[in-house]
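As stored in structure.csv (CSV, C-alpha atoms and all ligand atoms):
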chain,number,residue,atom,x,y,z
A,4,MET,CA,112.2,140.3,116.2
A,5,THR,CA,114.0,140.9,119.5
A,6,MET,CA,114.1,138.2,122.1
A,7,LYS,CA,110.9,138.4,124.2
A,8,THR,CA,109.1,136.4,126.9
A,9,ILE,CA,105.3,136.6,127.1
A,10,VAL,CA,104.5,135.8,130.7
A,11,ASN,CA,101.5,134.4,132.5
A,12,THR,CA,99.4,133.5,129.5
A,13,ILE,CA,97.4,130.4,128.6
A,14,ILE,CA,99.1,128.4,125.8
A,15,LEU,CA,97.4,125.7,123.6
A,16,LYS,CA,100.4,123.4,123.3
A,17,GLY,CA,101.2,120.5,120.9
A,18,TYR,CA,98.9,118.5,118.6
A,19,ASP,CA,96.2,118.2,121.2
A,20,LEU,CA,96.0,121.9,122.0
A,21,THR,CA,96.6,121.2,125.7
A,22,PRO,CA,96.0,124.4,127.7
A,23,ILE,CA,98.7,125.3,130.1
A,24,LYS,CA,99.4,128.4,132.1
A,25,SER,CA,103.0,129.3,131.3
A,26,ASN,CA,105.5,131.8,130.0
A,27,ILE,CA,106.8,131.5,126.4
A,28,LEU,CA,110.2,132.7,125.2
A,29,ILE,CA,110.5,133.6,121.5
A,30,ASP,CA,113.8,134.5,119.9
A,31,ASP,CA,114.8,134.8,116.2
A,32,GLY,CA,111.4,133.5,115.1
A,33,LYS,CA,111.5,130.3,117.2
A,34,ILE,CA,109.8,129.1,120.3
A,35,ILE,CA,112.8,128.6,122.6
A,36,GLU,CA,111.2,127.8,125.9
A,37,ILE,CA,107.8,127.2,127.4
A,38,SER,CA,108.0,127.2,131.2
A,39,ASN,CA,107.1,129.2,134.2
A,40,GLU,CA,110.8,129.9,135.0
A,41,VAL,CA,111.7,131.9,131.9
A,42,PHE,CA,111.8,135.7,131.9
A,43,GLU,CA,114.5,136.5,129.2
A,44,GLY,CA,114.6,139.5,126.9
A,45,GLU,CA,111.7,141.9,126.7
A,46,VAL,CA,109.1,140.7,129.2
A,47,ILE,CA,105.5,141.2,128.1
A,48,ASP,CA,102.7,140.7,130.6
A,49,GLY,CA,100.2,138.2,129.1
A,50,THR,CA,97.7,138.2,132.0
A,51,GLY,CA,94.2,137.9,130.6
A,52,THR,CA,95.4,136.5,127.2
A,53,MET,CA,95.8,133.2,125.5
A,54,ILE,CA,98.0,131.9,122.7
A,55,CYS,CA,97.0,129.3,120.1
A,56,PRO,CA,98.7,128.2,116.9
A,57,SER,CA,98.0,130.8,114.1
A,58,PHE,CA,95.5,129.7,111.5
A,59,LEU,CA,95.9,127.8,108.2
A,60,ASN,CA,93.0,128.7,105.8
A,61,GLY,CA,92.7,125.5,103.9
A,62,HIS,CA,90.9,126.9,100.8
A,63,THR,CA,90.6,130.4,99.4
A,64,HIS,CA,90.2,132.1,96.0
A,65,ILE,CA,91.5,135.6,96.9
A,66,GLY,CA,91.7,136.6,93.2
A,67,ASP,CA,88.0,137.5,93.3
A,68,SER,CA,88.4,140.0,96.2
A,69,MET,CA,87.4,142.8,93.8
A,70,ILE,CA,83.8,141.4,93.5
A,71,LYS,CA,82.7,140.8,97.0
A,72,ASP,CA,79.0,139.7,97.2
A,73,TYR,CA,78.7,139.8,93.5
A,74,GLY,CA,75.9,137.7,92.0
A,75,ASP,CA,74.3,136.8,95.4
A,76,GLY,CA,71.4,134.4,94.7
A,77,LYS,CA,72.7,133.0,91.4
A,78,SER,CA,73.3,129.3,91.1
A,79,ILE,CA,76.9,127.9,91.5
A,80,GLU,CA,77.0,127.0,87.8
A,81,GLU,CA,76.0,130.5,86.7
A,82,LEU,CA,78.4,132.1,89.2
A,83,VAL,CA,81.8,130.3,89.2
A,84,LYS,CA,81.9,127.6,86.5
A,85,PRO,CA,85.0,128.2,84.4
A,86,PRO,CA,85.6,129.7,81.9
A,87,ASN,CA,82.4,131.7,81.4
A,88,GLY,CA,80.9,132.0,84.9
A,89,LEU,CA,79.7,135.5,86.0
A,90,LYS,CA,82.8,135.7,88.3
A,91,HIS,CA,85.2,135.1,85.4
A,92,LEU,CA,83.4,137.7,83.2
A,93,ALA,CA,83.4,140.3,86.0
A,94,LEU,CA,87.0,139.8,86.8
A,95,SER,CA,88.0,140.2,83.2
A,96,GLU,CA,86.9,143.8,83.4
A,97,CYS,CA,89.2,144.5,86.4
A,98,SER,CA,92.7,145.9,85.9
A,99,ASP,CA,95.8,144.1,87.4
A,100,ASP,CA,96.3,147.0,89.8
A,101,GLU,CA,92.7,146.6,91.1
A,102,ILE,CA,93.1,142.9,91.5
A,103,ILE,CA,96.4,143.3,93.4
A,104,SER,CA,95.2,146.0,95.8
A,105,SER,CA,92.0,144.0,96.6
A,106,MET,CA,94.1,140.8,97.2
A,107,LYS,CA,96.3,142.8,99.5
A,108,SER,CA,93.3,144.0,101.6
A,109,SER,CA,92.1,140.4,101.9
A,110,MET,CA,95.5,139.2,103.1
A,111,TRP,CA,95.7,142.0,105.7
A,112,ASN,CA,92.2,140.9,106.8
A,113,MET,CA,93.6,137.4,107.3
A,114,VAL,CA,96.6,138.5,109.3
A,115,LYS,CA,94.6,140.7,111.5
A,116,THR,CA,92.3,137.8,112.3
A,117,GLY,CA,95.1,135.3,113.1
A,118,THR,CA,95.8,133.6,109.8
A,119,THR,CA,99.5,133.2,108.8
A,120,HIS,CA,99.0,130.5,106.1
A,121,PHE,CA,96.4,130.0,103.4
A,122,ILE,CA,96.1,127.6,100.4
A,123,ASP,CA,94.9,129.7,97.5
A,124,TYR,CA,93.4,128.3,94.3
A,125,ARG,CA,94.8,130.7,91.8
A,126,GLU,CA,93.3,131.1,88.4
A,127,GLY,CA,94.7,132.8,85.3
A,128,GLY,CA,97.8,130.6,84.7
A,129,LEU,CA,101.3,131.9,85.4
A,130,LYS,CA,100.2,135.5,85.3
A,131,GLY,CA,97.7,134.8,88.1
A,132,ILE,CA,100.4,133.3,90.2
A,133,LYS,CA,102.7,136.2,89.7
A,134,LEU,CA,100.0,138.7,90.6
A,135,LEU,CA,99.4,137.0,93.9
A,136,LYS,CA,103.1,136.8,94.7
A,137,LYS,CA,103.5,140.5,93.9
A,138,ALA,CA,100.5,141.4,96.1
A,139,ALA,CA,101.8,139.3,99.1
A,140,ILE,CA,105.3,140.7,99.0
A,141,ASP,CA,105.2,143.1,102.0
A,142,ILE,CA,102.5,141.2,104.0
A,143,PRO,CA,103.4,138.9,106.9
A,144,ILE,CA,101.6,135.9,105.5
A,145,ASN,CA,102.5,132.7,103.7
A,146,PRO,CA,100.4,132.0,100.5
A,147,ILE,CA,100.5,128.4,99.4
A,148,ILE,CA,99.6,128.8,95.8
A,149,LEU,CA,97.9,126.1,93.7
A,150,GLY,CA,97.8,127.3,90.1
A,151,ARG,CA,95.8,126.3,87.1
A,152,ASP,CA,95.6,127.3,83.5
A,153,PRO,CA,92.9,127.9,80.9
A,154,ILE,CA,94.4,125.3,78.7
A,155,PHE,CA,93.0,122.6,81.2
A,156,HIS,CA,89.5,123.5,79.9
A,157,ASP,CA,90.5,123.5,76.2
A,158,ASP,CA,89.6,120.1,74.6
A,159,GLN,CA,91.7,121.0,71.6
A,160,ALA,CA,94.9,121.0,73.6
A,161,THR,CA,97.3,118.1,73.2
A,162,GLU,CA,98.8,116.1,76.1
A,163,TYR,CA,102.2,117.6,75.3
A,164,GLU,CA,100.9,121.2,75.6
A,165,VAL,CA,99.1,120.4,78.8
A,166,ARG,CA,102.2,118.7,80.4
A,167,LYS,CA,104.4,121.6,79.3
A,168,THR,CA,102.0,124.1,80.9
A,169,VAL,CA,101.8,122.1,84.2
A,170,VAL,CA,105.5,121.8,84.5
A,171,LYS,CA,105.9,125.6,83.8
A,172,LEU,CA,103.3,126.4,86.4
A,173,LEU,CA,104.9,124.1,89.0
A,174,LYS,CA,108.2,126.0,88.7
A,175,HIS,CA,106.4,129.0,90.2
A,176,CYS,CA,103.8,127.6,92.6
A,177,ASP,CA,103.2,124.9,95.2
A,178,GLY,CA,100.8,122.6,93.4
A,179,ILE,CA,97.8,122.6,91.1
A,180,GLY,CA,94.2,123.3,92.2
A,181,LEU,CA,91.6,122.1,89.7
A,182,SER,CA,88.1,123.4,89.5
A,183,GLY,CA,86.3,120.0,89.3
A,184,PHE,CA,85.9,116.8,87.4
A,185,SER,CA,83.0,118.0,85.4
A,186,GLU,CA,85.2,120.7,83.8
A,187,VAL,CA,88.5,119.0,83.3
A,188,PRO,CA,89.3,115.9,81.2
A,189,LYS,CA,90.7,112.8,83.1
A,190,LYS,CA,93.9,113.0,81.1
A,191,VAL,CA,94.6,116.5,82.4
A,192,CYS,CA,94.0,115.2,86.0
A,193,GLU,CA,96.5,112.4,85.4
A,194,ILE,CA,99.2,114.8,84.1
A,195,VAL,CA,98.6,117.2,87.0
A,196,ILE,CA,98.9,114.5,89.6
A,197,GLU,CA,102.0,112.9,88.1
A,198,GLU,CA,103.9,116.1,87.6
A,199,SER,CA,102.9,117.5,91.0
A,200,ILE,CA,103.9,114.4,93.0
A,201,ASN,CA,107.2,114.1,91.2
A,202,ARG,CA,108.1,117.6,92.2
A,203,GLY,CA,107.0,117.3,95.9
A,204,LYS,CA,104.0,119.5,95.4
A,205,ILE,CA,100.2,119.3,96.0
A,206,PRO,CA,97.6,118.1,93.5
A,207,SER,CA,94.2,119.1,94.5
A,208,ILE,CA,90.6,119.3,93.2
A,209,HIS,CA,87.1,120.3,94.1
A,210,VAL,CA,84.9,117.2,94.5
A,211,GLY,CA,81.4,116.3,95.6
A,212,GLU,CA,80.4,119.9,96.3
A,213,TYR,CA,76.8,119.2,95.5
A,214,LEU,CA,74.7,116.1,94.9
A,215,LYS,CA,74.1,116.6,91.2
A,216,LEU,CA,77.9,116.3,90.6
A,217,GLN,CA,78.1,113.0,92.5
A,218,LYS,CA,75.1,111.6,90.6
A,219,LYS,CA,76.4,112.7,87.2
A,220,SER,CA,79.8,111.1,87.9
A,221,LEU,CA,78.2,107.8,89.0
A,222,LYS,CA,76.1,107.7,85.9
A,223,GLU,CA,79.0,108.5,83.5
A,224,THR,CA,81.9,106.7,85.1
A,225,GLY,CA,80.3,104.2,87.6
A,226,LYS,CA,82.1,105.9,90.4
A,227,THR,CA,81.5,109.0,92.5
A,228,GLU,CA,83.7,112.1,92.0
A,229,ILE,CA,85.3,111.3,95.3
A,230,GLU,CA,86.1,107.7,94.4
A,231,ASN,CA,87.6,109.0,91.1
A,232,SER,CA,89.7,111.6,92.9
A,233,ILE,CA,91.1,108.9,95.2
A,234,ASP,CA,91.7,106.4,92.4
A,235,LEU,CA,93.7,109.1,90.6
A,236,ASN,CA,95.6,110.0,93.8
A,237,PHE,CA,94.7,113.6,94.4
A,238,LYS,CA,96.0,114.5,97.8
A,239,LEU,CA,93.8,117.3,98.9
A,240,LEU,CA,90.1,117.2,98.3
A,241,ILE,CA,88.0,120.4,98.5
A,242,HIS,CA,84.3,120.5,99.8
A,243,VAL,CA,83.3,116.8,99.9
A,244,THR,CA,79.9,118.0,101.0
A,245,TYR,CA,78.1,114.9,99.7
A,246,PRO,CA,80.3,111.8,100.4
A,247,THR,CA,78.7,108.3,100.3
A,248,ASN,CA,79.6,105.9,103.1
A,249,ASN,CA,82.0,104.3,100.8
A,250,ASP,CA,83.6,107.6,100.0
A,251,LEU,CA,84.1,108.3,103.7
A,252,ASN,CA,85.8,105.0,104.2
A,253,LEU,CA,88.1,105.5,101.1
A,254,ILE,CA,89.1,109.0,102.2
A,255,SER,CA,90.0,107.7,105.7
A,256,LYS,CA,91.7,104.5,104.5
A,257,ASN,CA,93.8,106.5,101.9
A,258,ASN,CA,94.7,109.2,104.4
A,259,LYS,CA,93.5,112.1,102.2
A,260,PHE,CA,93.2,115.7,103.3
A,261,VAL,CA,89.8,117.2,103.0
A,262,THR,CA,89.0,121.0,103.3
A,263,LEU,CA,85.4,121.8,104.2
A,264,CYS,CA,84.0,125.2,103.4
A,265,PRO,CA,80.7,125.3,105.3
A,266,ARG,CA,79.9,129.0,104.9
A,267,SER,CA,80.5,128.8,101.1
A,268,ASN,CA,78.1,125.8,101.0
A,269,GLY,CA,75.6,127.9,103.0
A,270,THR,CA,75.9,131.0,100.8
A,271,LEU,CA,75.4,128.8,97.6
A,272,THR,CA,72.5,126.9,99.2
A,273,LEU,CA,74.4,123.6,98.8
A,274,GLY,CA,73.9,122.0,102.3
A,275,ILE,CA,76.0,121.3,105.4
A,276,PRO,CA,79.0,119.0,105.2
A,277,PRO,CA,78.7,115.8,107.4
A,278,LEU,CA,81.4,116.8,109.8
A,279,THR,CA,80.2,114.3,112.5
A,280,LYS,CA,80.8,111.4,110.0
A,281,PHE,CA,84.3,112.7,109.1
A,282,MET,CA,85.1,112.9,112.8
A,283,GLU,CA,84.0,109.3,113.4
A,284,LYS,CA,86.4,108.2,110.7
A,285,GLU,CA,89.2,110.4,112.0
A,286,THR,CA,89.7,112.1,108.7
A,287,ASN,CA,92.4,114.8,108.2
A,288,ILE,CA,90.1,117.8,108.0
A,289,LEU,CA,91.0,121.4,107.3
A,290,ILE,CA,88.6,124.3,107.1
A,291,GLY,CA,88.5,127.0,104.4
A,292,THR,CA,86.6,130.2,103.6
A,293,ASP,CA,86.6,129.7,99.8
A,294,ASN,CA,85.9,132.6,97.4
A,295,ILE,CA,86.3,136.1,98.9
A,296,MET,CA,83.4,136.9,96.6
A,297,LEU,CA,81.3,134.7,98.9
A,298,ASN,CA,82.9,135.1,102.3
A,299,SER,CA,85.3,137.1,104.4
A,300,PRO,CA,88.5,135.2,105.0
A,301,ASN,CA,88.1,135.4,108.8
A,302,LEU,CA,88.5,131.8,110.1
A,303,MET,CA,86.9,132.6,113.4
A,304,ARG,CA,83.7,133.3,111.6
A,305,GLU,CA,84.0,130.1,109.7
A,306,MET,CA,84.6,128.1,112.9
A,307,GLU,CA,81.6,129.5,114.7
A,308,TYR,CA,79.3,128.9,111.7
A,309,THR,CA,80.6,125.3,111.4
A,310,LEU,CA,80.3,124.4,115.0
A,311,LYS,CA,76.7,125.7,115.3
A,312,THR,CA,75.2,124.7,112.0
A,313,VAL,CA,76.6,121.2,112.3
A,314,ARG,CA,75.3,120.8,115.9
A,315,ALA,CA,71.9,122.2,114.8
A,316,TYR,CA,71.5,120.2,111.6
A,317,TYR,CA,72.9,116.8,112.6
A,318,LYS,CA,71.6,117.3,116.2
A,319,LYS,CA,74.9,116.0,117.6
A,320,TYR,CA,77.5,117.5,119.9
A,321,ILE,CA,80.7,118.7,118.2
A,322,ASP,CA,83.7,119.3,120.4
A,323,PRO,CA,84.9,122.9,119.8
A,324,LYS,CA,88.5,121.7,120.3
A,325,LYS,CA,88.1,119.5,117.2
A,326,VAL,CA,86.9,122.5,115.2
A,327,LEU,CA,89.8,124.6,116.3
A,328,LYS,CA,92.1,121.8,115.3
A,329,MET,CA,90.7,122.0,111.7
A,330,ALA,CA,92.0,125.6,111.5
A,331,THR,CA,95.3,125.0,113.2
A,332,VAL,CA,97.1,121.7,114.0
A,333,ASN,CA,95.5,119.4,111.5
A,334,GLY,CA,97.6,120.9,108.7
A,335,CYS,CA,100.8,120.9,110.8
A,336,LYS,CA,103.9,118.8,110.3
A,337,LYS,CA,103.8,115.5,112.1
A,338,THR,CA,106.7,114.4,114.3
A,339,ASP,CA,107.8,110.8,114.5
A,340,GLU,CA,105.1,110.0,117.0
A,341,TYR,CA,102.4,111.0,114.5
A,342,LEU,CA,104.3,110.2,111.3
A,343,ASP,CA,102.1,110.4,108.2
A,344,LYS,CA,104.1,109.2,105.2
A,345,ASP,CA,101.3,109.7,102.7
A,346,ASN,CA,101.4,113.5,103.2
A,347,LEU,CA,105.0,114.4,103.5
A,348,ASN,CA,104.7,116.7,100.4
A,349,PHE,CA,101.8,118.5,102.0
A,350,TYR,CA,103.6,119.1,105.3
A,351,SER,CA,106.8,120.3,103.7
A,352,THR,CA,105.0,122.6,101.3
A,353,VAL,CA,102.7,124.1,103.9
A,354,ASN,CA,105.5,124.2,106.5
A,355,LYS,CA,103.4,124.9,109.5
A,356,THR,CA,104.1,123.7,113.0
A,357,VAL,CA,102.4,123.3,116.4
A,358,ILE,CA,103.4,125.1,119.6
A,359,GLU,CA,106.4,123.2,120.9
A,360,GLU,CA,109.9,124.2,122.0
A,361,GLY,CA,112.2,124.4,119.0
A,362,ASN,CA,109.4,125.0,116.4
A,363,ASN,CA,108.9,128.2,114.4
A,364,ALA,CA,106.7,130.7,116.2
A,365,GLN,CA,103.4,130.8,114.3
A,366,LEU,CA,101.1,132.1,116.9
A,367,LEU,CA,97.9,134.0,117.6
A,368,MET,CA,97.6,135.9,120.8
A,369,THR,CA,94.1,137.0,121.9
A,370,LYS,CA,92.3,138.4,124.9
A,371,LEU,CA,90.8,135.7,127.1
A,372,ILE,CA,87.2,136.5,127.4
A,373,SER,CA,85.8,133.1,128.3
A,374,LYS,CA,87.3,130.4,130.6
A,375,ASN,CA,87.0,127.8,127.8
A,376,PRO,CA,90.0,128.6,125.6
A,377,TYR,CA,88.5,126.8,122.6
A,378,LEU,CA,85.2,128.5,122.7
A,379,ASN,CA,87.0,131.8,123.5
A,380,ILE,CA,88.4,131.7,120.0
A,381,ILE,CA,85.4,130.3,118.2
A,382,ASN,CA,82.6,132.0,120.1
A,383,ARG,CA,83.9,135.2,121.7
A,384,VAL,CA,87.0,136.7,120.1
A,385,GLU,CA,86.3,139.5,117.6
A,386,ALA,CA,89.0,141.1,115.4
A,387,ASN,CA,89.5,143.9,118.0
A,388,ASN,CA,90.4,141.2,120.6
A,389,VAL,CA,93.4,140.0,118.7
A,390,VAL,CA,96.5,141.1,120.5
A,391,ALA,CA,99.2,139.8,118.1
A,392,THR,CA,99.7,137.6,115.1
A,393,ILE,CA,103.2,136.2,115.1
A,394,ASP,CA,104.8,134.5,112.1
A,395,LYS,CA,108.4,133.6,112.9
A,396,ASP,CA,110.2,137.0,113.3
A,397,LYS,CA,107.3,139.1,112.2
A,398,VAL,CA,104.8,140.4,114.7
A,399,LEU,CA,101.6,142.3,113.9
A,400,TYR,CA,99.7,144.1,116.7
A,401,PRO,CA,96.5,144.8,114.7
A,402,ASN,CA,94.9,146.9,117.5
A,403,GLU,CA,97.8,149.0,118.6
B,1,ZN,ZN,87.0,126.6,95.6

Kindly return the structure encoded in the file as structure tokens.
Amino acid sequence: MTMKTIVNTIILKGYDLTPIKSNILIDDGKIIEISNEVFEGEVIDGTGTMICPSFLNGHTHIGDSMIKDYGDGKSIEELVKPPNGLKHLALSECSDDEIISSMKSSMWNMVKTGTTHFIDYREGGLKGIKLLKKAAIDIPINPIILGRDPIFHDDQATEYEVRKTVVKLLKHCDGIGLSGFSEVPKKVCEIVIEESINRGKIPSIHVGEYLKLQKKSLKETGKTEIENSIDLNFKLLIHVTYPTNNDLNLISKNNKFVTLCPRSNGTLTLGIPPLTKFMEKETNILIGTDNIMLNSPNLMREMEYTLKTVRAYYKKYIDPKKVLKMATVNGCKKTDEYLDKDNLNFYSTVNKTVIEEGNNAQLLMTKLISKNPYLNIINRVEANNVVATIDKDKVLYPNE
């Protein structure tokens, strides 16, 4: 990308997304200068626009892009429970080429709506990982791939076989994303966590997605799924729709990342996550769009749904800036000032940064339709108001 200065725009700077009116100089994929004095290289008039950090989608399964809206109205167990859920049976009928081209279209949808990074829960073992990498090859997006293997669900598999499979997967992906405690033996969880952490990668699992799972876990193990996931040292917890007060305290005390997927919970009639409680505990929260089968991967839609359903259901004000942080800065590398030693593997694997001089340019530029820049993104911007998605030296102008 040639050196360019975008002038006279509103920039949401730093960890606190502080709005400032400024020019921004980008060269060689980096933010060189943020000031009103800079006019170097190609000068682009940014009047009537704003720039915020590009989005990190904290949870997707883009492998089911072929079967959008399939099975609507079925229960979560019927639909997605491995290995014989309707989703898995439907996907087994699709060719590799179909899967690849549908994943490509989902990734383009993400880039066009401001996402440069997404954490994908990739099924189908090593082959599944390779298909996603092949699909992503010419798209300006960064998939963070958490793999898994059918052997995890095979109660005949030995510990040696499981460990060998985990190690092999981790050579090709960024961590392991398990479906849930009710489907995977504890020993598999332990191996996944040990091997992932030793290799600087991310061990993750779906937990507490619906009340029945939490109750079943309490009955069988004396602890909730969420307590068990923390005891075992999973780093990134998905859904957490039904935490107990003790779970909420443990998540916060142990500095865990939680990805909420409110539209997925809504589609599957599972409830509305207690975002106000997470915010009181200052939890590290990300937001994700979950299966493409259930939702489009457009995070602006997810943020709007989240802000309004949580305000409506819990009858409490939620600050839109905090919702925008869930899709942007919450997953970004922490500087010394905000050092977070528990999650260094997460930050180095995801490799996303806030808008500051010297950082990589990972930016979303949109039209400024509202005077409130946070609600501008959450409440106003449509895909056709996106001016540019910038990921280091790659720039996409989706509406040109
Ligand atoms: Zn999921």

Show me which residues sit within 8 Å of ligand ZN 1 (chain B) when counting all atoms listed in the file, and put them as a ChimeraX atom specification. /A:62-64,124,182,209,241-242,293-294

Go through A:Asp123, A:Asp345, A:Asp19, A:Asp250 one by one, measure the shortest atom-to-atom distance of each to Asn60 in chain A using all atoms listed in the file, and give the residue with the smallest value. A:Asp123

Find the distance between CA of Leu235 in chain A and CA of Lys189 in chain A and write it in Å to one decimal.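 Here the two named atoms are 8.9 Å from each other.
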
Polymer residues at most 9 Å from Glu36 in chain A, only C-alpha atoms, same-chain spacing of 2 or more positions, as a list in words: Thr8, Asn26, Ile27, Leu28, Ile29, Ile34, Ser38, Val41, Glu359, Glu360 and Gly361 of chain A

Using 10 Å as the limit and counting only C-alpha atoms, can you tabulate each residue of range 305-381 of chain A that touches range 108-117 of chain A, with its shortest atom-to-atom distance in Å and the two atoms involved, as CSV?
residue,atom,partner,partner_atom,distance
A:Gln365,CA,A:Gly117,CA,9.5
A:Leu366,CA,A:Gly117,CA,7.8
A:Leu367,CA,A:Gly117,CA,5.5
A:Met368,CA,A:Gly117,CA,8.1
A:Thr369,CA,A:Gly117,CA,9.0

Can you pull out the residues contacting Met303 in chain A? Cut-off 7 Å, using only C-alpha atoms, and skip same-chain residues under 2 positions away; I want them as a list of chain:residue names.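 Result of the neighbour search: A:Asn301, A:Glu305, A:Met306, A:Glu307, A:Ile380, A:Ile381.
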
Near-range 314-317 of chain A list (10 Å; all atoms listed in the file; drop same-chain fewer than 5 positions) as a PyMOL selection string: chain A and resi 274-280+308-309+322

Which residues are close to Leu378 in chain A, i.e. within 9 Å by only C-alpha atoms, leaving aside same-chain residues fewer than 6 positions away? Reply as number ranges by chain. A: 307, 323-324, 327, 384

Could you tell me how far CA of Arg125 in chain A lies from CA of Lys238 in chain A, in Å and to one decimal?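 A separation of 17.3 Å between them.
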
For range 269-291 of chain A, supply N, CA and C atoms and format the output as a JSON list (two decimals), in the coordinates of the input.
[["chain", "number", "residue", "atom", "x", "y", "z"],
["A", 269, "GLY", "N", 76.83, 127.17, 102.48],
["A", 269, "GLY", "CA", 75.60, 127.90, 103.00],
["A", 269, "GLY", "C", 75.23, 128.98, 102.01],
["A", 270, "THR", "N", 76.19, 129.82, 101.65],
["A", 270, "THR", "CA", 75.90, 131.00, 100.80],
["A", 270, "THR", "C", 75.30, 130.46, 99.45],
["A", 271, "LEU", "N", 75.83, 129.33, 98.95],
["A", 271, "LEU", "CA", 75.40, 128.80, 97.60],
["A", 271, "LEU", "C", 74.23, 127.84, 97.74],
["A", 272, "THR", "N", 73.62, 127.75, 98.92],
["A", 272, "THR", "CA", 72.50, 126.90, 99.20],
["A", 272, "THR", "C", 72.76, 125.40, 98.82],
["A", 273, "LEU", "N", 73.96, 124.92, 99.21],
["A", 273, "LEU", "CA", 74.40, 123.60, 98.80],
["A", 273, "LEU", "C", 74.34, 122.55, 99.95],
["A", 274, "GLY", "N", 74.03, 122.98, 101.17],
["A", 274, "GLY", "CA", 73.90, 122.00, 102.30],
["A", 274, "GLY", "C", 74.98, 122.22, 103.34],
["A", 275, "ILE", "N", 75.07, 121.24, 104.24],
["A", 275, "ILE", "CA", 76.00, 121.30, 105.40],
["A", 275, "ILE", "C", 76.83, 120.05, 105.40],
["A", 276, "PRO", "N", 78.17, 120.18, 105.34],
["A", 276, "PRO", "CA", 79.00, 119.00, 105.20],
["A", 276, "PRO", "C", 78.85, 118.07, 106.46],
["A", 277, "PRO", "N", 78.94, 116.74, 106.25],
["A", 277, "PRO", "CA", 78.70, 115.80, 107.40],
["A", 277, "PRO", "C", 79.92, 115.68, 108.26],
["A", 278, "LEU", "N", 80.18, 116.73, 109.02],
["A", 278, "LEU", "CA", 81.40, 116.80, 109.80],
["A", 278, "LEU", "C", 81.40, 115.68, 110.89],
["A", 279, "THR", "N", 80.25, 115.34, 111.43],
["A", 279, "THR", "CA", 80.20, 114.30, 112.50],
["A", 279, "THR", "C", 80.73, 112.97, 111.89],
["A", 280, "LYS", "N", 80.36, 112.67, 110.65],
["A", 280, "LYS", "CA", 80.80, 111.40, 110.00],
["A", 280, "LYS", "C", 82.32, 111.46, 109.76],
["A", 281, "PHE", "N", 82.82, 112.60, 109.28],
["A", 281, "PHE", "CA", 84.30, 112.70, 109.10],
["A", 281, "PHE", "C", 85.01, 112.50, 110.40],
["A", 282, "MET", "N", 84.46, 113.05, 111.47],
["A", 282, "MET", "CA", 85.10, 112.90, 112.80],
["A", 282, "MET", "C", 85.13, 111.48, 113.26],
["A", 283, "GLU", "N", 84.04, 110.77, 113.00],
["A", 283, "GLU", "CA", 84.00, 109.30, 113.40],
["A", 283, "GLU", "C", 85.10, 108.56, 112.67],
["A", 284, "LYS", "N", 85.40, 108.96, 111.44],
["A", 284, "LYS", "CA", 86.40, 108.20, 110.70],
["A", 284, "LYS", "C", 87.83, 108.80, 110.88],
["A", 285, "GLU", "N", 87.94, 109.80, 111.75],
["A", 285, "GLU", "CA", 89.20, 110.40, 112.00],
["A", 285, "GLU", "C", 89.94, 110.94, 110.76],
["A", 286, "THR", "N", 89.15, 111.56, 109.89],
["A", 286, "THR", "CA", 89.70, 112.10, 108.70],
["A", 286, "THR", "C", 90.57, 113.34, 108.97],
["A", 287, "ASN", "N", 91.59, 113.56, 108.11],
["A", 287, "ASN", "CA", 92.40, 114.80, 108.20],
["A", 287, "ASN", "C", 91.56, 115.93, 107.64],
["A", 288, "ILE", "N", 90.98, 116.75, 108.50],
["A", 288, "ILE", "CA", 90.10, 117.80, 108.00],
["A", 288, "ILE", "C", 90.70, 119.18, 108.23],
["A", 289, "LEU", "N", 90.63, 120.00, 107.18],
["A", 289, "LEU", "CA", 91.00, 121.40, 107.30],
["A", 289, "LEU", "C", 89.67, 122.20, 107.06],
["A", 290, "ILE", "N", 89.76, 123.50, 107.30],
["A", 290, "ILE", "CA", 88.60, 124.30, 107.10],
["A", 290, "ILE", "C", 89.02, 125.52, 106.22],
["A", 291, "GLY", "N", 88.14, 125.93, 105.31],
["A", 291, "GLY", "CA", 88.50, 127.00, 104.40],
["A", 291, "GLY", "C", 87.36, 127.98, 104.20]]
